[in-house]
Structures are given as structure tokens and as C-alpha cells.
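Student: Sharing protein06.tsv, TSV, C-alpha atoms:
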```tsv
chain	number	residue	atom	x	y	z
A	423	MET	CA	-12.56	17.92	-17.19
A	424	LYS	CA	-10.97	17.26	-13.78
A	425	VAL	CA	-7.69	15.33	-13.63
A	426	VAL	CA	-6.13	14.20	-10.34
A	427	VAL	CA	-2.36	13.91	-10.67
A	428	GLY	CA	-0.28	11.70	-8.42
A	429	MET	CA	2.24	14.21	-7.05
A	430	SER	CA	5.41	12.49	-5.83
A	431	GLY	CA	7.52	15.56	-5.21
A	432	GLY	CA	9.65	14.75	-8.27
A	433	VAL	CA	10.12	16.47	-11.60
A	434	ASP	CA	8.10	13.95	-13.67
A	435	SER	CA	4.84	14.46	-11.78
A	436	ALA	CA	5.48	18.21	-11.60
A	437	VAL	CA	5.81	18.49	-15.38
A	438	SER	CA	2.80	16.19	-15.81
A	439	ALA	CA	0.68	18.58	-13.76
A	440	TYR	CA	2.04	21.59	-15.67
A	441	LEU	CA	1.32	20.04	-19.08
A	442	LEU	CA	-2.22	19.07	-18.13
A	443	LYS	CA	-2.95	22.55	-16.86
A	444	GLN	CA	-1.63	24.00	-20.12
A	445	GLU	CA	-4.03	21.73	-22.00
A	446	GLY	CA	-6.93	23.22	-20.10
A	447	TYR	CA	-7.70	20.50	-17.59
A	448	ASP	CA	-8.94	21.26	-14.08
A	449	VAL	CA	-5.86	19.85	-12.32
A	450	VAL	CA	-5.77	18.63	-8.72
A	451	GLY	CA	-2.72	17.15	-6.97
A	452	LEU	CA	-2.85	14.14	-4.66
A	453	PHE	CA	0.13	13.00	-2.59
A	454	MET	CA	0.25	9.43	-1.27
A	455	LYS	CA	1.93	8.52	1.99
A	456	ASN	CA	2.65	4.80	1.71
A	457	TRP	CA	5.38	4.24	4.28
A	458	ASP	CA	5.93	5.12	7.92
A	459	SER	CA	9.60	6.03	8.16
A	460	ASN	CA	9.56	5.78	11.96
A	461	ILE	CA	8.87	2.03	11.97
A	462	ASN	CA	11.55	0.17	13.98
A	463	ASN	CA	13.05	3.60	14.80
A	464	ASP	CA	14.94	3.37	11.53
A	465	LYS	CA	16.57	6.78	11.31
A	466	GLU	CA	18.75	6.14	8.28
A	467	GLY	CA	18.01	8.59	5.50
A	468	ILE	CA	16.55	11.18	7.89
A	469	THR	CA	17.64	14.70	6.92
A	470	ASP	CA	17.58	17.43	9.57
A	471	GLY	CA	15.06	15.42	11.55
A	472	VAL	CA	12.68	15.12	8.59
A	473	CYS	CA	12.14	11.85	6.69
A	474	PRO	CA	12.55	11.87	2.88
A	475	GLN	CA	8.83	11.28	2.37
A	476	GLU	CA	8.00	14.49	4.24
A	477	LEU	CA	10.55	16.34	2.14
A	478	ASP	CA	8.84	14.95	-0.97
A	479	PHE	CA	5.50	16.25	0.30
A	480	ARG	CA	7.02	19.68	0.84
A	481	ASP	CA	8.34	19.65	-2.73
A	482	ALA	CA	4.96	18.54	-4.09
A	483	LYS	CA	3.27	21.37	-2.15
A	484	THR	CA	5.75	23.92	-3.48
A	485	VAL	CA	5.11	22.78	-7.07
A	486	CYS	CA	1.33	22.88	-6.64
A	487	ASP	CA	1.58	26.37	-5.13
A	488	GLU	CA	3.67	27.47	-8.12
A	489	LEU	CA	1.03	26.07	-10.50
A	490	SER	CA	-1.87	27.41	-8.40
A	491	ILE	CA	-3.50	24.01	-8.06
A	492	PRO	CA	-4.76	22.37	-4.84
A	493	LEU	CA	-2.88	19.49	-3.23
A	494	TYR	CA	-4.52	16.82	-1.13
A	495	ARG	CA	-2.82	14.11	0.90
A	496	VAL	CA	-3.93	10.53	1.50
A	497	ASP	CA	-2.54	7.86	3.84
A	498	PHE	CA	-2.20	4.32	2.45
A	499	ILE	CA	0.34	3.09	5.03
A	500	LYS	CA	-1.73	0.12	6.26
A	501	GLU	CA	-2.77	-0.95	2.77
A	502	TYR	CA	0.79	-0.66	1.50
A	503	TRP	CA	2.04	-2.79	4.37
A	504	ASP	CA	-0.62	-5.47	3.79
A	505	ASP	CA	-0.52	-5.64	-0.01
A	506	VAL	CA	3.04	-4.69	-0.93
A	507	PHE	CA	5.51	-4.91	1.94
A	508	LYS	CA	4.28	-8.25	3.33
A	509	TYR	CA	4.43	-9.65	-0.19
A	510	PHE	CA	8.00	-8.39	-0.43
A	511	LEU	CA	9.01	-10.10	2.83
A	512	ASP	CA	7.18	-13.34	1.96
A	513	GLU	CA	9.01	-13.56	-1.36
A	514	LEU	CA	12.38	-12.93	0.29
A	515	GLU	CA	11.70	-15.71	2.79
A	516	LYS	CA	11.11	-18.05	-0.15
A	517	GLY	CA	14.53	-17.11	-1.48
A	518	ARG	CA	13.10	-15.19	-4.43
A	519	THR	CA	13.80	-11.63	-5.63
A	520	PRO	CA	10.54	-9.64	-5.64
A	521	ASN	CA	9.77	-6.34	-7.31
A	522	PRO	CA	7.54	-4.42	-4.86
A	523	ASP	CA	7.17	-1.39	-7.15
A	524	ILE	CA	5.16	-3.55	-9.55
A	525	MET	CA	2.78	-4.51	-6.75
A	526	CYS	CA	2.58	-0.90	-5.59
A	527	ASN	CA	1.26	0.06	-9.02
A	528	LYS	CA	-1.22	-2.82	-8.99
A	529	TYR	CA	-2.66	-2.36	-5.49
A	530	ILE	CA	-1.97	1.26	-4.58
A	531	LYS	CA	-1.39	3.69	-7.45
A	532	PHE	CA	-3.89	2.28	-9.93
A	533	ASP	CA	-6.40	0.95	-7.40
A	534	LEU	CA	-6.65	2.81	-4.10
A	535	PHE	CA	-5.27	6.05	-5.52
A	536	LYS	CA	-7.69	5.90	-8.44
A	537	LYS	CA	-10.64	5.32	-6.08
A	538	GLU	CA	-9.57	8.27	-3.93
A	539	ALA	CA	-9.24	10.42	-7.06
A	540	LYS	CA	-12.76	9.47	-8.14
A	541	ARG	CA	-13.98	10.47	-4.68
A	542	LEU	CA	-12.45	13.89	-5.34
A	543	GLY	CA	-14.49	14.11	-8.54
A	544	ALA	CA	-11.82	13.09	-11.04
A	545	ASP	CA	-12.76	12.30	-14.63
A	546	LYS	CA	-9.24	10.99	-15.18
A	547	ILE	CA	-6.06	10.35	-13.22
A	548	ALA	CA	-2.50	11.03	-14.30
A	549	THR	CA	0.95	9.95	-13.14
A	550	GLY	CA	4.52	10.75	-14.14
A	551	HIS	CA	5.23	7.30	-15.58
A	552	TYR	CA	7.21	7.09	-18.80
A	553	ALA	CA	4.61	5.11	-20.74
A	554	ARG	CA	1.90	5.81	-23.32
A	555	ILE	CA	-1.67	4.76	-23.88
A	556	LYS	CA	-2.98	4.82	-27.44
A	557	GLY	CA	-6.55	3.61	-27.68
A	558	ASN	CA	-6.56	0.47	-25.56
A	559	ARG	CA	-2.86	-0.23	-26.05
A	560	LEU	CA	-0.13	0.26	-23.45
A	561	LEU	CA	3.02	1.42	-25.23
A	562	ARG	CA	6.58	1.97	-24.13
A	563	GLY	CA	7.62	5.50	-23.29
A	564	VAL	CA	9.44	7.41	-26.03
A	565	ASP	CA	12.56	7.57	-23.85
A	566	ASN	CA	13.84	3.97	-24.01
A	567	ASN	CA	16.17	4.60	-21.09
A	568	LYS	CA	13.27	5.68	-18.83
A	569	ASP	CA	10.42	3.49	-20.14
A	570	GLN	CA	8.40	2.19	-17.17
A	571	THR	CA	5.94	-0.21	-18.76
A	572	TYR	CA	7.83	-3.00	-16.99
A	573	PHE	CA	6.52	-1.66	-13.68
A	574	LEU	CA	2.98	-1.43	-15.08
A	575	SER	CA	2.87	-5.08	-16.13
A	576	GLN	CA	0.46	-6.15	-13.35
A	577	VAL	CA	-1.96	-3.26	-13.92
A	578	THR	CA	-5.17	-4.51	-15.57
A	579	PRO	CA	-6.79	-3.00	-18.67
A	580	GLU	CA	-9.70	-1.87	-16.47
A	581	GLN	CA	-7.29	-0.04	-14.15
A	582	LEU	CA	-5.69	1.70	-17.14
A	583	LYS	CA	-8.97	3.24	-18.25
A	584	ASP	CA	-9.19	7.01	-17.75
A	585	VAL	CA	-5.41	7.18	-17.12
A	586	LEU	CA	-3.06	9.77	-18.62
A	587	PHE	CA	0.74	9.60	-18.85
A	588	PRO	CA	1.65	13.19	-19.84
A	589	VAL	CA	5.44	12.66	-20.02
A	590	GLY	CA	5.28	9.38	-21.95
A	591	ASP	CA	5.92	11.17	-25.24
A	592	LEU	CA	8.93	13.04	-23.84
A	593	THR	CA	12.53	12.23	-23.01
A	594	LYS	CA	13.89	12.90	-19.55
A	595	ASP	CA	15.97	15.78	-20.91
A	596	GLU	CA	12.85	17.35	-22.39
A	597	VAL	CA	11.02	16.98	-19.08
A	598	ARG	CA	13.81	18.78	-17.22
A	599	ARG	CA	13.95	21.48	-19.89
A	600	ILE	CA	10.20	22.13	-19.51
A	601	ALA	CA	10.63	22.27	-15.74
A	602	HIS	CA	13.45	24.82	-16.06
A	603	GLU	CA	11.65	26.98	-18.61
A	604	ASN	CA	8.61	27.19	-16.36
A	605	HIS	CA	10.50	27.71	-13.10
A	606	LEU	CA	9.29	24.53	-11.43
A	607	PRO	CA	11.23	24.26	-8.15
A	608	VAL	CA	12.10	20.56	-8.61
A	609	ALA	CA	13.66	20.97	-12.06
A	610	ASP	CA	17.04	19.68	-10.86
A	611	LYS	CA	15.84	17.30	-8.17
A	612	LYS	CA	17.63	13.96	-8.29
A	613	ASP	CA	15.57	10.98	-9.42
A	614	SER	CA	14.72	8.45	-6.71
A	615	THR	CA	16.51	5.12	-7.07
A	616	GLY	CA	16.13	1.61	-5.73
A	617	ILE	CA	13.15	0.16	-3.90
A	618	CYS	CA	10.80	2.94	-2.88
A	619	PHE	CA	10.60	2.23	0.87
A	620	ILE	CA	14.35	1.57	1.19
A	621	GLY	CA	15.54	4.51	-0.88
A	622	GLU	CA	19.19	5.37	-0.30
A	623	ARG	CA	19.51	3.21	2.82
A	624	HIS	CA	21.74	0.14	3.04
A	625	TYR	CA	19.63	-2.75	1.71
A	626	GLN	CA	20.85	-5.58	3.95
A	627	GLN	CA	20.76	-3.41	7.07
A	628	PHE	CA	17.18	-2.39	6.29
A	629	ILE	CA	16.05	-6.00	5.67
A	630	SER	CA	17.62	-7.13	8.95
A	631	ASN	CA	14.93	-5.10	10.76
A	632	TYR	CA	12.34	-7.60	9.53
A	633	LEU	CA	14.07	-10.86	8.58
A	634	LYS	CA	16.92	-12.52	10.42
A	635	GLY	CA	19.38	-14.17	8.10
A	636	LYS	CA	21.14	-17.43	8.93
A	637	GLU	CA	24.83	-17.59	8.11
A	638	GLY	CA	25.84	-20.28	5.64
A	639	ASP	CA	28.48	-21.33	3.12
A	640	ILE	CA	29.26	-19.65	-0.19
A	641	VAL	CA	30.27	-22.44	-2.56
A	642	ASP	CA	32.00	-22.23	-5.93
A	643	VAL	CA	29.61	-24.25	-8.08
A	644	GLU	CA	32.34	-25.53	-10.41
A	645	THR	CA	34.76	-26.78	-7.75
A	646	GLY	CA	32.43	-27.44	-4.82
A	647	VAL	CA	34.86	-25.52	-2.59
A	648	VAL	CA	33.60	-23.24	0.20
A	649	ILE	CA	35.05	-19.80	-0.52
A	650	GLY	CA	33.18	-17.63	1.97
A	651	LYS	CA	30.20	-17.12	4.25
A	652	HIS	CA	26.88	-15.46	3.47
A	653	ASN	CA	24.65	-13.73	6.04
A	654	GLY	CA	21.25	-14.98	4.84
A	655	LEU	CA	20.07	-16.15	1.41
A	656	MET	CA	17.40	-13.43	1.26
A	657	ASN	CA	20.17	-10.83	0.93
A	658	TYR	CA	21.32	-12.03	-2.49
A	659	THR	CA	19.95	-12.25	-6.01
A	660	ILE	CA	20.97	-14.20	-9.09
A	661	GLY	CA	23.63	-12.36	-11.09
A	662	GLN	CA	24.81	-10.30	-8.11
A	663	ARG	CA	28.54	-9.62	-7.76
A	664	ARG	CA	28.84	-6.59	-5.49
A	665	ASN	CA	28.36	-6.89	-1.72
A	666	VAL	CA	28.49	-10.67	-1.73
A	667	GLY	CA	31.17	-10.64	0.96
A	668	LEU	CA	34.03	-12.18	-1.02
A	669	SER	CA	37.53	-10.73	-1.16
A	670	GLY	CA	40.46	-10.82	-3.52
A	671	ASP	CA	40.10	-12.80	-6.76
A	672	ALA	CA	36.86	-14.30	-5.44
A	673	GLN	CA	35.21	-10.93	-6.04
A	674	ARG	CA	34.84	-11.93	-9.68
A	675	HIS	CA	32.30	-14.57	-8.67
A	676	TYR	CA	28.61	-14.02	-9.39
A	677	VAL	CA	25.64	-15.46	-7.50
A	678	CYS	CA	24.17	-18.22	-9.65
A	679	GLY	CA	21.94	-20.24	-7.30
A	680	LYS	CA	20.62	-20.96	-3.82
A	681	ASP	CA	19.86	-24.12	-1.89
A	682	SER	CA	17.37	-23.17	0.81
A	683	LYS	CA	17.39	-26.60	2.44
A	684	LYS	CA	21.17	-26.67	2.89
A	685	ASN	CA	21.45	-22.87	3.28
A	686	ILE	CA	24.10	-22.67	0.55
A	687	LEU	CA	24.75	-19.73	-1.73
A	688	TYR	CA	26.29	-20.87	-5.03
A	689	VAL	CA	28.57	-18.61	-7.04
A	690	ALA	CA	30.25	-18.98	-10.42
A	691	PHE	CA	33.43	-17.34	-11.71
A	692	GLY	CA	33.02	-14.65	-14.37
A	693	SER	CA	30.04	-12.82	-15.82
A	694	ASP	CA	30.00	-15.19	-18.82
A	695	SER	CA	29.69	-18.37	-16.74
A	696	LYS	CA	27.36	-21.01	-18.14
A	697	TYR	CA	25.83	-21.30	-14.67
A	698	LEU	CA	24.22	-17.89	-15.11
A	699	LEU	CA	22.43	-18.97	-18.29
A	700	SER	CA	19.00	-20.51	-18.84
A	701	ASP	CA	16.77	-21.25	-21.82
A	702	GLU	CA	13.26	-21.59	-20.39
A	703	ALA	CA	11.13	-20.07	-17.63
A	704	LEU	CA	7.74	-20.83	-16.11
A	705	ILE	CA	5.75	-17.63	-15.52
A	706	GLU	CA	2.81	-17.43	-13.09
A	707	ASP	CA	0.17	-14.81	-12.22
A	708	VAL	CA	0.07	-13.61	-15.82
A	709	ASN	CA	-1.78	-10.32	-16.35
A	710	TYR	CA	-3.05	-9.87	-19.91
A	711	ILE	CA	-2.90	-6.18	-20.81
A	712	SER	CA	-3.82	-6.90	-24.43
A	713	ASP	CA	-6.15	-9.46	-25.99
A	714	LYS	CA	-3.27	-10.54	-28.23
A	715	HIS	CA	-1.77	-13.95	-27.50
A	716	PRO	CA	1.39	-14.10	-29.62
A	717	THR	CA	3.50	-17.22	-30.00
A	718	PHE	CA	6.61	-15.21	-30.84
A	719	ALA	CA	7.49	-11.96	-29.08
A	720	THR	CA	10.21	-10.34	-26.99
A	721	ALA	CA	10.47	-10.25	-23.21
A	722	LYS	CA	12.29	-8.37	-20.47
A	723	PHE	CA	13.25	-10.36	-17.38
A	724	ARG	CA	14.40	-7.33	-15.37
A	725	TYR	CA	13.74	-3.64	-15.67
A	726	ARG	CA	17.15	-2.78	-17.09
A	727	SER	CA	17.60	-5.95	-19.15
A	728	GLU	CA	17.56	-6.01	-22.95
A	729	ASP	CA	14.61	-7.47	-24.83
A	730	VAL	CA	15.07	-11.18	-25.52
A	731	PRO	CA	13.27	-13.01	-28.37
A	732	VAL	CA	10.97	-15.67	-26.87
A	733	THR	CA	8.48	-18.32	-27.92
A	734	ILE	CA	5.42	-18.59	-25.70
A	735	GLU	CA	3.37	-21.61	-24.64
A	736	TYR	CA	0.06	-20.86	-22.94
A	737	LEU	CA	-0.77	-23.06	-19.96
A	738	GLU	CA	-3.63	-23.45	-17.51
A	739	ASN	CA	-3.91	-21.59	-14.18
A	740	ASN	CA	-2.82	-18.26	-15.63
A	741	GLN	CA	0.67	-19.48	-16.47
A	742	ILE	CA	2.85	-19.35	-19.56
A	743	LYS	CA	6.16	-20.96	-20.47
A	744	VAL	CA	8.69	-18.86	-22.36
A	745	LYS	CA	11.67	-20.29	-24.23
A	746	TYR	CA	14.74	-18.32	-25.29
A	747	VAL	CA	18.46	-18.68	-26.01
A	748	ASP	CA	21.01	-18.12	-23.25
A	749	GLY	CA	19.04	-15.82	-20.97
A	750	LYS	CA	21.37	-14.38	-18.33
A	751	ALA	CA	20.53	-14.25	-14.61
A	752	VAL	CA	16.81	-14.86	-15.12
A	753	THR	CA	15.55	-14.82	-11.54
A	754	PRO	CA	12.47	-16.26	-9.76
A	755	GLY	CA	10.37	-13.51	-8.20
A	756	GLN	CA	11.20	-10.92	-10.84
A	757	ALA	CA	8.71	-10.04	-13.58
A	758	CYS	CA	8.74	-11.34	-17.12
A	759	VAL	CA	7.12	-8.69	-19.33
A	760	VAL	CA	6.19	-9.51	-22.93
A	761	TYR	CA	6.21	-7.03	-25.84
A	762	LEU	CA	5.22	-6.91	-29.48
A	763	GLY	CA	7.37	-4.06	-30.72
A	764	GLU	CA	6.48	-1.02	-28.62
A	765	GLN	CA	3.29	-2.55	-27.20
A	766	CYS	CA	3.29	-4.14	-23.74
A	767	ILE	CA	1.20	-7.32	-24.07
A	768	MET	CA	1.35	-9.10	-20.72
A	769	GLY	CA	3.41	-9.61	-17.59
A	770	GLY	CA	3.83	-12.28	-14.95
A	771	ILE	CA	6.12	-13.43	-12.16
A	772	ILE	CA	9.01	-15.82	-12.85
A	773	LYS	CA	8.34	-19.03	-10.91
A	774	GLN	CA	11.00	-21.46	-12.16
A	775	VAL	CA	14.01	-21.26	-14.47
A	776	PHE	CA	15.37	-24.14	-16.55
A	777	LYS	CA	18.40	-25.11	-18.61
A	778	ASP	CA	18.16	-28.12	-20.90
A	779	GLY	CA	14.94	-29.15	-19.14
A	780	LYS	CA	16.38	-29.03	-15.61
A	781	ASP	CA	15.46	-26.60	-12.81
A	782	ILE	CA	18.80	-24.83	-12.52
A	783	TRP	CA	18.08	-22.08	-10.05
A	784	TYR	CA	18.54	-24.20	-6.92
A	785	LEU	CA	21.19	-26.33	-8.64
A	786	ARG	CA	19.87	-29.48	-7.02
```
Kindly transcribe the structure held in the file into C-alpha cells.

Tutor:
Amino acid sequence: MKVVVGMSGGVDSAVSAYLLKQEGYDVVGLFMKNWDSNINNDKEGITDGVCPQELDFRDAKTVCDELSIPLYRVDFIKEYWDDVFKYFLDELEKGRTPNPDIMCNKYIKFDLFKKEAKRLGADKIATGHYARIKGNRLLRGVDNNKDQTYFLSQVTPEQLKDVLFPVGDLTKDEVRRIAHENHLPVADKKDSTGICFIGERHYQQFISNYLKGKEGDIVDVETGVVIGKHNGLMNYTIGQRRNVGLSGDAQRHYVCGKDSKKNILYVAFGSDSKYLLSDEALIEDVNYISDKHPTFATAKFRYRSEDVPVTIEYLENNQIKVKYVDGKAVTPGQACVVYLGEQCIMGGIIKQVFKDGKDIWYLR
């Protein structure tokens, strides 16, 4: 049985390919190029004249050579720009905080990549995601600290057919141990962090290549006093404290709201401020991964956030309303992903956030 593995140049996909080969599969590697690092002559992150994506391809090739499996390469730059990056910019212009990696999984990795793999004769595809599929259920990865079902929340049940997640039953430490024991050259390679096309580059500097921010006031929401200047609302997210541009004691303020019409960034003092809390959210573009429609469940509002108990009301137009107690920094544009225990049930995009029945995010 032929399996095409998405080779990223990292240790997770390398170990995935190794494990599948050990199980007797006919393994083929496929590397996706989704971003043109030369756009806008952005040279940040370039190492010795070579962009990080090319270095990743070199690493993927070295791994495949070590495993004696072929590696193909496919270019999805245009599709990524149209389906993921433009979405990212559109959401920022609306003042929201998008998660482009979720859309990359939906439109690229489990759509275009899968079609390309089928063209290569694949019976199944595999990726290095920390997740599990048991029957028709999508389950969290065994390693709670690395679980990536949050990022798979917009992938449809049809897209998940014929998909393997070889490292989903392993912890990250176990993955690195397997890589070391089998002399895989990326065993100690650092995990990628942040948004995939930004990488290690300065976020606001990168965004300024595409969106021009308008300077405005930073206002303490409790006192109404202007305590600083922001350089464009799209550069900030709810709950943010670092890199807000405040000095001295004001550094203990957290972003709690935006007013796009007045171009005001609102901040509140202290991480426990009531202005960071909400109790209800309207979720749109809901993707049902399971046929279960629970009334009570848990939800994650950001990748690294803890599960929050929620009650769910099902609405028309592919929307749900979730209610909870004192949710912190729940942010429009991010994903709300619903779980029953270890099973990922559904996911959607946060549209509005409320406290005591009022839309609190814009603090109108």
C-alpha cells in the first residue's frame, strides 16, 4: 500500500516516514512549497543567501535519502496566497485575529496536497500532526502539550479519510528518541514556531509590507485616559501585553478591545481585569467533524488555552452560540474548537464575544 508523506523538513514528518516504512508501507515523500520568500524583497530570516523554506527542503531530501525513499516537490504558492494569505490579510483589516495555519490545513494540506498525492498513486496520505484517527473519530494526540487537533478543526470528515497520523500516539520526547536511535539527520532540529509564513521574523515589520497601519490612541478603559499611541489596530490582539508600545508601569496593561471607527486601542490594567473576561461567544463557519451534537462539552478558544466547559446552542447558517464562565481573552477571528473528552467534535471561527449580553470586544 502506497503512502505519500508530507515532508516538512522537521523531525515529526521524518519519524512519520520512518515508522510507516517500518510497518511495510511503500513510502513516498512530498514537499510543499507554499510561500515565496522573495516577495517584497523581504530578506529577513535568510541564512547564507538561502531562505528557510529551501533549507527545509534540503533537510527533507536528506531524510528521504537516509530512508531510501523518493521525494517529490510541489508548488502551491498561488493557491496558498489566494486561499490562506489573502484570508489572513482580510481578517486583519477587519480588526480580527486570524489563524492561517487552520486554513492551510483546510485548503492546502488536506485538499490540494491530498489530490497531488492521489495523482502519485497514493492509497493513503500521512502527516506529522500530533493527532489520532480511530475509526471515524478525530482524537487528541497522546502528548497533550503537542496536540494539534485545534489546527485540524476546519478539516472535513471526507478530507480525513485515508489519512494517517503516525506520531499521534507518541510524545515529542519519544519522537526525538526514535529519530536519534535511527540516525535521522533532523533529530535535534528546532521546532518551527509562530505563523508559518512569518517564522522567526518580526511580526509587525512583516505585516507592514502588506497593510499600512494608522496611528491612534491607546486608552485605559477604566479611566478613559490616553496612555500611549498604537501603530495600527491590526498589529494587536486581545490579551496581548508584550510589544504594545507602553513603558513603565503602563507595561502591565493588556489589550482588551478595539474601536475600528475611532481607531482606538483599549487596554486594561492587570491580567485579571474584568475587561478581559466574557461569558458567551457567537461562532460561525462551523465544521462538524463528528455527527455528535452535544449540548454540554468543553472548548478551546486558542491553541494553547485550557479547555473551558461550555453549553452549546445550535443556530441556523452554520453557527453556534457557546456559553461559559469567565472566559479570558476570547478573541474574534480565532477558532473555537469543541471536544467531548479526547474526541474533537467541531470547530468554527469566533465572530462576536459577549459579557452579560453585551458585545464587549469593541467596548462600544

Student: Work out how far atom CA of Thr484 of chain A is from atom CA of Ala544 of chain A, in Å to one decimal.

Tutor: 22.0 Å

Student: Give me, as number ranges by chain, all polymer residues having an atom no more than 6 Å from segment 743-747 of chain A, counting all atoms listed in the file and skipping those fewer than 2 positions away in the same chain.

Tutor: A: 701-705, 732-735, 749

Student: Give the answer as one residue: which of A:Ala436, A:Leu737, A:Val775, A:Ala553 has the shortest atom-to-atom distance to Ser575 of chain A, using all atoms listed in the file?

Tutor: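 Looking only at the distances to Ser575 of chain A, the closest residue turns out to be A:Ala553.
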
Student: What lies within 9 Å of Asp707 of chain A using all atoms listed in the file, ignoring chain neighbours under 4 positions off, as a list in words?

Tutor: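 Here the qualifying residues turn out to be Gln576, Asn739, Asn740, Gln741, Gly769, Gly770, Ile771 and Ile772 of chain A.
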
Student: Choose the residue, out of A:Ser682, A:Asn527, A:Thr720, A:Ser693, that has the smallest atom-to-atom separation from Gly428 of chain A; count all atoms listed in the file.

Tutor: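 Looking only at the distances to Gly428 of chain A, the closest residue turns out to be A:Asn527.
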
Student: Would you mind listing, for every residue of segment 477-557 of chain A within 12 Å of segment 776-785 of chain A, the two atoms forming the shortest contact and the distance between them in Å to one decimal, using only C-alpha atoms, sorted by chain and ascending residue number, as a Markdown table?

Tutor:
```
| residue | atom | partner | partner_atom | distance |
| --- | --- | --- | --- | --- |
| A:Lys516 | CA | A:Tyr784 | CA | 11.8 |
| A:Gly517 | CA | A:Tyr784 | CA | 9.8 |
| A:Arg518 | CA | A:Trp783 | CA | 10.2 |
```

Student: Hey, can you check how far atom CA of Asp448 of chain A sits from atom CA of Asp478 of chain A?

Tutor: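 Those two atoms sit 23.0 Å apart.
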
Student: Have a look at A:Lys443, A:His551, A:His602, A:His624 and name the one nearest to Val426 of chain A; count only C-alpha atoms.

Tutor: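 Nearest candidate to Val426 of chain A out of A:Lys443, A:His551, A:His602, A:His624: A:Lys443.
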
Student: Which protein, DNA or RNA residues are at most 10 Å from (-5.2, 13.2, 0.2) in the file's coordinates when you count all atoms listed in the file, listed as a PyMOL selection string?

Tutor: chain A and resi 451-455+493-498+535+538-539+542

Student: Find the residue from A:Leu668, A:Met656, A:Lys546, A:Tyr447 that sits nearest to Glu513 of chain A; use only C-alpha atoms when measuring.

Tutor: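 Closest to Glu513 of chain A of all the choices is A:Met656.
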
Student: Could you tell me which of A:Arg599, A:Asn631, A:Glu476, A:Ile711 comes closest to Gln581 of chain A if we count all atoms listed in the file?

Tutor: A:Ile711

Student: For segment 608-611 of chain A, list every protein, DNA or RNA residue within 12 Å, evaluated using only C-alpha atoms, and leave out those in the same chain fewer than 3 positions away; present the list as a ChimeraX atom specification.

Tutor: /A:429-437,477-486,488,594-605,614

Student: Keeping C-alpha atoms, export the residues of the selection given above as a PDB file, in the coordinates of the input.

Tutor:
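Resulting contents of part.pdb:
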```
ATOM      1  CA  MET A 429       2.240  14.210  -7.050  1.00  0.00           C
ATOM      2  CA  SER A 430       5.410  12.490  -5.830  1.00  0.00           C
ATOM      3  CA  GLY A 431       7.520  15.560  -5.210  1.00  0.00           C
ATOM      4  CA  GLY A 432       9.650  14.750  -8.270  1.00  0.00           C
ATOM      5  CA  VAL A 433      10.120  16.470 -11.600  1.00  0.00           C
ATOM      6  CA  ASP A 434       8.100  13.950 -13.670  1.00  0.00           C
ATOM      7  CA  SER A 435       4.840  14.460 -11.780  1.00  0.00           C
ATOM      8  CA  ALA A 436       5.480  18.210 -11.600  1.00  0.00           C
ATOM      9  CA  VAL A 437       5.810  18.490 -15.380  1.00  0.00           C
ATOM     10  CA  LEU A 477      10.550  16.340   2.140  1.00  0.00           C
ATOM     11  CA  ASP A 478       8.840  14.950  -0.970  1.00  0.00           C
ATOM     12  CA  PHE A 479       5.500  16.250   0.300  1.00  0.00           C
ATOM     13  CA  ARG A 480       7.020  19.680   0.840  1.00  0.00           C
ATOM     14  CA  ASP A 481       8.340  19.650  -2.730  1.00  0.00           C
ATOM     15  CA  ALA A 482       4.960  18.540  -4.090  1.00  0.00           C
ATOM     16  CA  LYS A 483       3.270  21.370  -2.150  1.00  0.00           C
ATOM     17  CA  THR A 484       5.750  23.920  -3.480  1.00  0.00           C
ATOM     18  CA  VAL A 485       5.110  22.780  -7.070  1.00  0.00           C
ATOM     19  CA  CYS A 486       1.330  22.880  -6.640  1.00  0.00           C
ATOM     20  CA  GLU A 488       3.670  27.470  -8.120  1.00  0.00           C
ATOM     21  CA  LYS A 594      13.890  12.900 -19.550  1.00  0.00           C
ATOM     22  CA  ASP A 595      15.970  15.780 -20.910  1.00  0.00           C
ATOM     23  CA  GLU A 596      12.850  17.350 -22.390  1.00  0.00           C
ATOM     24  CA  VAL A 597      11.020  16.980 -19.080  1.00  0.00           C
ATOM     25  CA  ARG A 598      13.810  18.780 -17.220  1.00  0.00           C
ATOM     26  CA  ARG A 599      13.950  21.480 -19.890  1.00  0.00           C
ATOM     27  CA  ILE A 600      10.200  22.130 -19.510  1.00  0.00           C
ATOM     28  CA  ALA A 601      10.630  22.270 -15.740  1.00  0.00           C
ATOM     29  CA  HIS A 602      13.450  24.820 -16.060  1.00  0.00           C
ATOM     30  CA  GLU A 603      11.650  26.980 -18.610  1.00  0.00           C
ATOM     31  CA  ASN A 604       8.610  27.190 -16.360  1.00  0.00           C
ATOM     32  CA  HIS A 605      10.500  27.710 -13.100  1.00  0.00           C
ATOM     33  CA  SER A 614      14.720   8.450  -6.710  1.00  0.00           C
TER      34      SER A 614
END
```

Student: So how far away is atom CA of Ser700 of chain A from atom CA of Gly646 of chain A, in Å?

Tutor: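 The value is 20.6 Å.
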
Student: In terms of the shortest atom-to-atom distance over all atoms listed in the file, which of A:Phe532, A:Pro588, A:Asp523, A:Tyr725 is closest to Asp569 of chain A?

Tutor: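 Nearest to Asp569 of chain A: A:Tyr725.
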
Student: Contacts of Val585 of chain A at 7 Å or less, counting only C-alpha atoms, minus same-chain residues fewer than 2 places along, as a list in words?

Tutor: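 Selected residues are Lys546, Ile547, Ala548, Leu582, Lys583 and Phe587 of chain A.
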
Student: Residues of the last selection are to be written out with C-alpha atoms, as a PDB file, keeping the file's coordinate frame.

Tutor:
```
ATOM      1  CA  LYS A 546      -9.240  10.990 -15.180  1.00  0.00           C
ATOM      2  CA  ILE A 547      -6.060  10.350 -13.220  1.00  0.00           C
ATOM      3  CA  ALA A 548      -2.500  11.030 -14.300  1.00  0.00           C
ATOM      4  CA  LEU A 582      -5.690   1.700 -17.140  1.00  0.00           C
ATOM      5  CA  LYS A 583      -8.970   3.240 -18.250  1.00  0.00           C
ATOM      6  CA  PHE A 587       0.740   9.600 -18.850  1.00  0.00           C
TER       7      PHE A 587
END
```
